[in-house]
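Input: a single structure, listed below in structure tokens.
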Amino acid sequence: MTQPMIRFEADKTLLTSFGKQQLEIAFELEKGQLLTLYGPSGAGKTTILRILSGLTDIRSGRIDVDGETWRDTRLKINVPTRRRSIGFVFQDFALFPNLSIKDNLRYALQKGDNNQLMEELIELMELGPLQDVRPAFLSGGQQQRVALARAIIRKPKLLLLDEPLSALHDDMRHRLQDYIERIRRHYELTTILVSHDLPEILRLSDEVIWLDKGKIRQHGRPEIVFPSHSLNPKIPGI
Amino acid sequence: MKPLMTDWQPLWLSFRLASVTTVILLAISLPLAYWLAYSPRRIKAVIEALISLPMVLPPSVLGFYLLVAFSPSHGLGRFLDKWLDVRLVFTFPGLVVASLFYSLPFMVNPLLSGFKSLPPALREASYTLGKSKFTTLVRILLPNIRSSLLTGIVLSFAHTIGEFGVVLMIGGNIPGQTRVASLAIFDEMESMNYSAANRYALVLFLLSFIILLVVYLVNHYFSKPQPLT
């Protein structure tokens, strides 16, 4: 049996608009798979991404990624965010306003990295004409592509996508879903996506976790979690 | 007829004091404002209140306490005098130290507002890209708060130039050593030498206006997003 890429077990108190809530989550994920976190606001989806990236700490638990322990509260191991091999696409993209698009990508390169992957991503994401432009002058879809390219450029072990397509219209959304799918397969990226969009979930996910009030309500393949919605995608439980 | 001679020494001293104070303040205030902006510690409310005190206290109160502290007949002053051979009362270094306290809020507060105005995701995105806190500060945070930086630098410089009460108490108005332009204006007024007072006042007035004008012009430029690099 293959070793899971991610072993996640965490316990944390969440402060939500409904008051204090306990996040108690445990799951595993195979290498190269895309897991979608689904559920109502305040269920803990973004918090799980932040815990994985080290931006939010937990009360107790353990996180192993590709054989490395990133967090273990019992052994007091806490690998800082900058030493975790992750690519994070934030909900509002968080592009650096002072840098051009090319410099936003270049900033993500590590010492000794060559520009080949950057050039490849610029071409793949159709960012060529925008290279010298600052982020404020890009549309939502263009910014999203830059954010995705910037997250991937380090070839991370784990790609974390926090509702990256939520603000886009259908046409752009479908195109970017294609980008994500192509890039994920191309670079064999293990990915965790937060999404409310059922067609998107059914199209992209290998696995889905349906969260509710900090607990796993259902976990499995998308067609198992949403059996009656596979053909008629109307969002349940939101 | 008495020739129209201007003693430029007080103006030169004021600019030297303001320049030295501003450079040191920038070095002190950057880490301080960064810590105040991002530390979760509750004690920072006390630190913020202490930093902002010179904005509301009469300068004479600050001057009095600094004079007592720097006096060689009291603890700190005695220690500095005996062990480090440093005397801060009625000396230029004493003026610098007093100005650091007096102008600290004018540097820290704009920087603090600048840091707080940035979306937290910018810092977090930089960390997720493998960058250290220092690299994030230098490459991402500071370039994005450059108007706050400029405001802090200019306000500190201009505020130090305009000091009166504190420099009078700590410096003692010694010509060539601690007699800065604001004190020289007062002296010339006392001597009813209005034309000399007017020359000092006019230089300070014009300089302050030009400095503020440049700040507003540059900040207007910074506030517009630049399309191309």
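Chain identifiers are assigned as A, B, and so on, following the order in which chains appear in the structure tokens; residues are numbered from 1 within each chain, and ligands are numbered from 1 in order of appearance.
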
Within 9 Å of Val154 in chain B, counting only C-alpha atoms, which residues qualify if same-chain residues fewer than 2 places away don't, as a PDB file with C-alpha atoms, in the first residue's frame?
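Writing the result to part.pdb gives the following:
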ATOM      1  CA  THR B  22      15.905  61.890  11.520  1.00  0.00           C
ATOM      2  CA  PHE B 106       6.233  61.740  14.283  1.00  0.00           C
ATOM      3  CA  MET B 107       8.305  58.920  12.796  1.00  0.00           C
ATOM      4  CA  LEU B 149       8.111  56.458   5.070  1.00  0.00           C
ATOM      5  CA  LEU B 150       8.412  59.815   3.363  1.00  0.00           C
ATOM      6  CA  THR B 151       5.798  61.349   5.671  1.00  0.00           C
ATOM      7  CA  GLY B 152       7.625  60.015   8.751  1.00  0.00           C
ATOM      8  CA  SER B 156      10.411  64.178  12.030  1.00  0.00           C
ATOM      9  CA  PHE B 157      12.835  66.507  10.264  1.00  0.00           C
ATOM     10  CA  ALA B 158      10.419  69.452  10.266  1.00  0.00           C
ATOM     11  CA  HIS B 159       9.305  68.838  13.849  1.00  0.00           C
ATOM     12  CA  ILE B 211       9.284  70.438   2.464  1.00  0.00           C
ATOM     13  CA  LEU B 212       5.551  69.938   3.014  1.00  0.00           C
ATOM     14  CA  VAL B 215       5.713  65.622   0.507  1.00  0.00           C
TER      15      VAL B 215
END

Once you count only C-alpha atoms, which residues of chain A turn out to be within 9 Å of chain B? Could you give them as a VMD selection string?
chain A and resid 53 to 55 80 to 90 92 to 100 107 to 110 132 to 137 150 to 151 154

I'd like the neighbourhood of Asn78 in chain A as a compact mmCIF listing (two decimals) with N, CA and C atoms, in the first residue's frame, where a residue qualifies if any of its atoms comes within 10 Å (using only C-alpha atoms), though same-chain residues fewer than 2 positions away should be ignored.
# COMPACT_ATOMS: atom_id res chain seq x y z
N GLY A 54 1.06 26.81 7.86
CA GLY A 54 1.76 27.32 9.04
C GLY A 54 1.39 28.76 9.37
N ASP A 57 -1.82 28.43 13.81
CA ASP A 57 -1.36 27.29 14.60
C ASP A 57 -2.55 26.52 15.17
N ARG A 62 -1.04 16.83 14.50
CA ARG A 62 0.19 16.52 13.80
C ARG A 62 -0.06 16.64 12.29
N ILE A 63 0.92 17.19 11.58
CA ILE A 63 0.81 17.31 10.13
C ILE A 63 2.08 16.74 9.51
N THR A 69 7.63 15.88 9.02
CA THR A 69 6.66 16.40 9.99
C THR A 69 6.75 17.92 9.99
N TRP A 70 5.65 18.56 9.64
CA TRP A 70 5.62 20.03 9.61
C TRP A 70 5.15 20.60 10.95
N ARG A 71 4.28 19.84 11.62
CA ARG A 71 3.78 20.29 12.92
C ARG A 71 3.47 19.08 13.76
N ASP A 72 3.97 19.09 14.97
CA ASP A 72 3.62 18.06 15.93
C ASP A 72 3.59 18.73 17.29
N THR A 73 2.41 18.91 17.83
CA THR A 73 2.30 19.65 19.10
C THR A 73 2.91 18.86 20.24
N LEU A 75 5.55 16.72 20.07
CA LEU A 75 7.02 16.80 19.99
C LEU A 75 7.52 18.24 19.84
N LYS A 76 6.58 19.18 19.88
CA LYS A 76 6.90 20.62 19.74
C LYS A 76 7.66 20.93 18.44
N PRO A 80 8.52 26.56 10.20
CA PRO A 80 7.93 27.85 9.80
C PRO A 80 7.42 27.84 8.37
N THR A 81 6.48 28.72 8.10
CA THR A 81 5.83 28.78 6.78
C THR A 81 6.84 28.78 5.64

Using backbone DSSP assignments, extract all alpha helix (DSSP H) residues from range 4-219 of chain B; output them as a ChimeraX atom specification.
/B:9-38,44-56,59-70,75-83,92-117,120-128,133-136,142-144,146-161,165-171,181-190,194-219

Using Å and a single decimal, report how far CA of Ile28 in chain B sits from CA of Phe101 in chain B.
11.0 Å

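Using only C-alpha atoms for every distance, the candidate list B:Ala37, B:Glu190, B:Arg146, B:Gly165 yields B:Arg146 as the residue closest to His220 in chain B.
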
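Taking CA of Leu137 in chain B and CA of Ala27 in chain B as the two end points, the separation is 13.7 Å.
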
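Taking CA of Ser195 in chain A and CA of Gly39 in chain A as the two end points, the separation is 8.3 Å.
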
Let's see if you can do this: from backbone DSSP, list all strand (DSSP E or B) residues in range 15-146 of chain A, as a ChimeraX atom specification.
/A:15-16,19-29,34-38,60-65,68-72,77-78,86-89,133

Could you turn the residues from that selection into a file that holds N, CA and C atoms, as a short mmCIF file (atom, residue, chain, number, x, y, z; two decimals), in the first residue's frame?
data_model
loop_
_atom_site.label_atom_id
_atom_site.label_comp_id
_atom_site.auth_asym_id
_atom_site.auth_seq_id
_atom_site.Cartn_x
_atom_site.Cartn_y
_atom_site.Cartn_z
N LEU A 15 -12.98 30.98 16.07
CA LEU A 15 -13.90 32.06 16.46
C LEU A 15 -14.69 32.44 15.22
N THR A 16 -15.94 32.06 15.17
CA THR A 16 -16.76 32.32 13.99
C THR A 16 -17.87 33.30 14.35
N GLY A 19 -20.01 32.19 17.10
CA GLY A 19 -19.36 31.98 18.40
C GLY A 19 -18.22 30.99 18.28
N LYS A 20 -17.76 30.50 19.44
CA LYS A 20 -16.62 29.56 19.44
C LYS A 20 -17.06 28.21 18.89
N GLN A 21 -16.15 27.59 18.15
CA GLN A 21 -16.46 26.32 17.51
C GLN A 21 -15.19 25.48 17.49
N GLN A 22 -15.32 24.19 17.72
CA GLN A 22 -14.13 23.34 17.76
C GLN A 22 -13.87 22.72 16.38
N LEU A 23 -12.67 22.95 15.85
CA LEU A 23 -12.27 22.30 14.59
C LEU A 23 -11.56 21.00 14.96
N GLU A 24 -12.13 19.88 14.55
CA GLU A 24 -11.50 18.57 14.82
C GLU A 24 -11.52 17.80 13.51
N ILE A 25 -10.37 17.77 12.87
CA ILE A 25 -10.30 17.21 11.51
C ILE A 25 -9.13 16.24 11.41
N ALA A 26 -9.35 15.13 10.73
CA ALA A 26 -8.25 14.21 10.40
C ALA A 26 -8.51 13.66 9.01
N PHE A 27 -7.50 13.69 8.15
CA PHE A 27 -7.64 13.08 6.82
C PHE A 27 -6.28 12.75 6.25
N GLU A 28 -6.29 11.94 5.21
CA GLU A 28 -5.07 11.62 4.48
C GLU A 28 -5.32 11.89 3.01
N LEU A 29 -4.23 12.15 2.28
CA LEU A 29 -4.38 12.43 0.85
C LEU A 29 -3.19 11.84 0.09
N LEU A 34 -6.32 15.78 -6.04
CA LEU A 34 -6.91 17.07 -5.70
C LEU A 34 -8.07 16.84 -4.75
N LEU A 35 -7.93 17.41 -3.57
CA LEU A 35 -8.96 17.32 -2.54
C LEU A 35 -9.68 18.67 -2.45
N THR A 36 -11.01 18.62 -2.49
CA THR A 36 -11.76 19.86 -2.32
C THR A 36 -12.38 19.90 -0.94
N LEU A 37 -12.24 21.07 -0.28
CA LEU A 37 -12.91 21.30 0.99
C LEU A 37 -14.17 22.09 0.70
N TYR A 38 -15.28 21.55 1.11
CA TYR A 38 -16.58 22.11 0.78
C TYR A 38 -17.37 22.29 2.07
N SER A 60 -3.72 21.18 19.20
CA SER A 60 -3.02 19.89 19.26
C SER A 60 -3.19 19.19 17.92
N GLY A 61 -2.26 18.31 17.62
CA GLY A 61 -2.34 17.56 16.37
C GLY A 61 -0.99 17.37 15.72
N ARG A 62 -1.04 16.83 14.50
CA ARG A 62 0.19 16.52 13.80
C ARG A 62 -0.06 16.64 12.29
N ILE A 63 0.92 17.19 11.58
CA ILE A 63 0.81 17.31 10.13
C ILE A 63 2.08 16.74 9.51
N ASP A 64 1.93 15.71 8.70
CA ASP A 64 3.05 15.13 7.96
C ASP A 64 2.80 15.33 6.48
N VAL A 65 3.82 15.81 5.77
CA VAL A 65 3.71 15.97 4.32
C VAL A 65 4.91 15.34 3.65
N GLU A 68 7.77 14.29 5.85
CA GLU A 68 8.33 15.28 6.78
C GLU A 68 7.24 15.70 7.76
N THR A 69 7.63 15.88 9.02
CA THR A 69 6.66 16.40 9.99
C THR A 69 6.75 17.92 9.99
N TRP A 70 5.65 18.56 9.64
CA TRP A 70 5.62 20.03 9.61
C TRP A 70 5.15 20.60 10.95
N ARG A 71 4.28 19.84 11.62
CA ARG A 71 3.78 20.29 12.92
C ARG A 71 3.47 19.08 13.76
N ASP A 72 3.97 19.09 14.97
CA ASP A 72 3.62 18.06 15.93
C ASP A 72 3.59 18.73 17.29
N ILE A 77 7.27 20.26 17.37
CA ILE A 77 7.84 20.56 16.05
C ILE A 77 6.92 21.55 15.36
N ASN A 78 7.50 22.62 14.84
CA ASN A 78 6.69 23.60 14.09
C ASN A 78 7.57 24.21 13.00
N ILE A 86 5.13 24.83 -0.09
CA ILE A 86 3.73 25.06 -0.46
C ILE A 86 3.61 26.16 -1.50
N GLY A 87 2.51 26.11 -2.24
CA GLY A 87 2.12 27.23 -3.08
C GLY A 87 0.72 27.60 -2.64
N PHE A 88 0.52 28.85 -2.30
CA PHE A 88 -0.78 29.27 -1.74
C PHE A 88 -1.38 30.34 -2.65
N VAL A 89 -2.57 30.06 -3.17
CA VAL A 89 -3.29 31.10 -3.92
C VAL A 89 -4.38 31.63 -2.99
N VAL A 133 3.60 44.87 -16.61
CA VAL A 133 2.49 45.65 -16.04
C VAL A 133 2.40 45.38 -14.55
#

Please identify all polymer residues within 12 Å of Glu123 in chain A, counting only C-alpha atoms, omitting same-chain residues fewer than 4 positions from it, and present them as a PyMOL selection string.
chain A and resi 102+116-119+127-131+145-146+149+179

C-alpha atoms of the current selection, written as an mmCIF file, in the first residue's frame:
data_model
loop_
_atom_site.group_PDB
_atom_site.id
_atom_site.type_symbol
_atom_site.label_atom_id
_atom_site.label_comp_id
_atom_site.auth_asym_id
_atom_site.auth_seq_id
_atom_site.Cartn_x
_atom_site.Cartn_y
_atom_site.Cartn_z
ATOM 1 C CA LYS A 102 7.302 39.230 -14.098
ATOM 2 C CA GLN A 116 13.027 28.338 -17.551
ATOM 3 C CA LEU A 117 9.969 27.406 -15.487
ATOM 4 C CA MET A 118 9.018 31.071 -15.198
ATOM 5 C CA GLU A 119 9.116 31.506 -18.967
ATOM 6 C CA LEU A 127 0.862 36.269 -19.491
ATOM 7 C CA GLY A 128 3.414 37.361 -22.108
ATOM 8 C CA PRO A 129 1.957 40.798 -22.951
ATOM 9 C CA LEU A 130 1.365 41.553 -19.263
ATOM 10 C CA GLN A 131 4.877 40.881 -17.968
ATOM 11 C CA ARG A 145 -3.495 33.418 -13.457
ATOM 12 C CA VAL A 146 -0.530 35.346 -12.074
ATOM 13 C CA ALA A 149 1.740 30.839 -11.698
ATOM 14 C CA TYR A 179 -5.462 25.880 -16.438
#
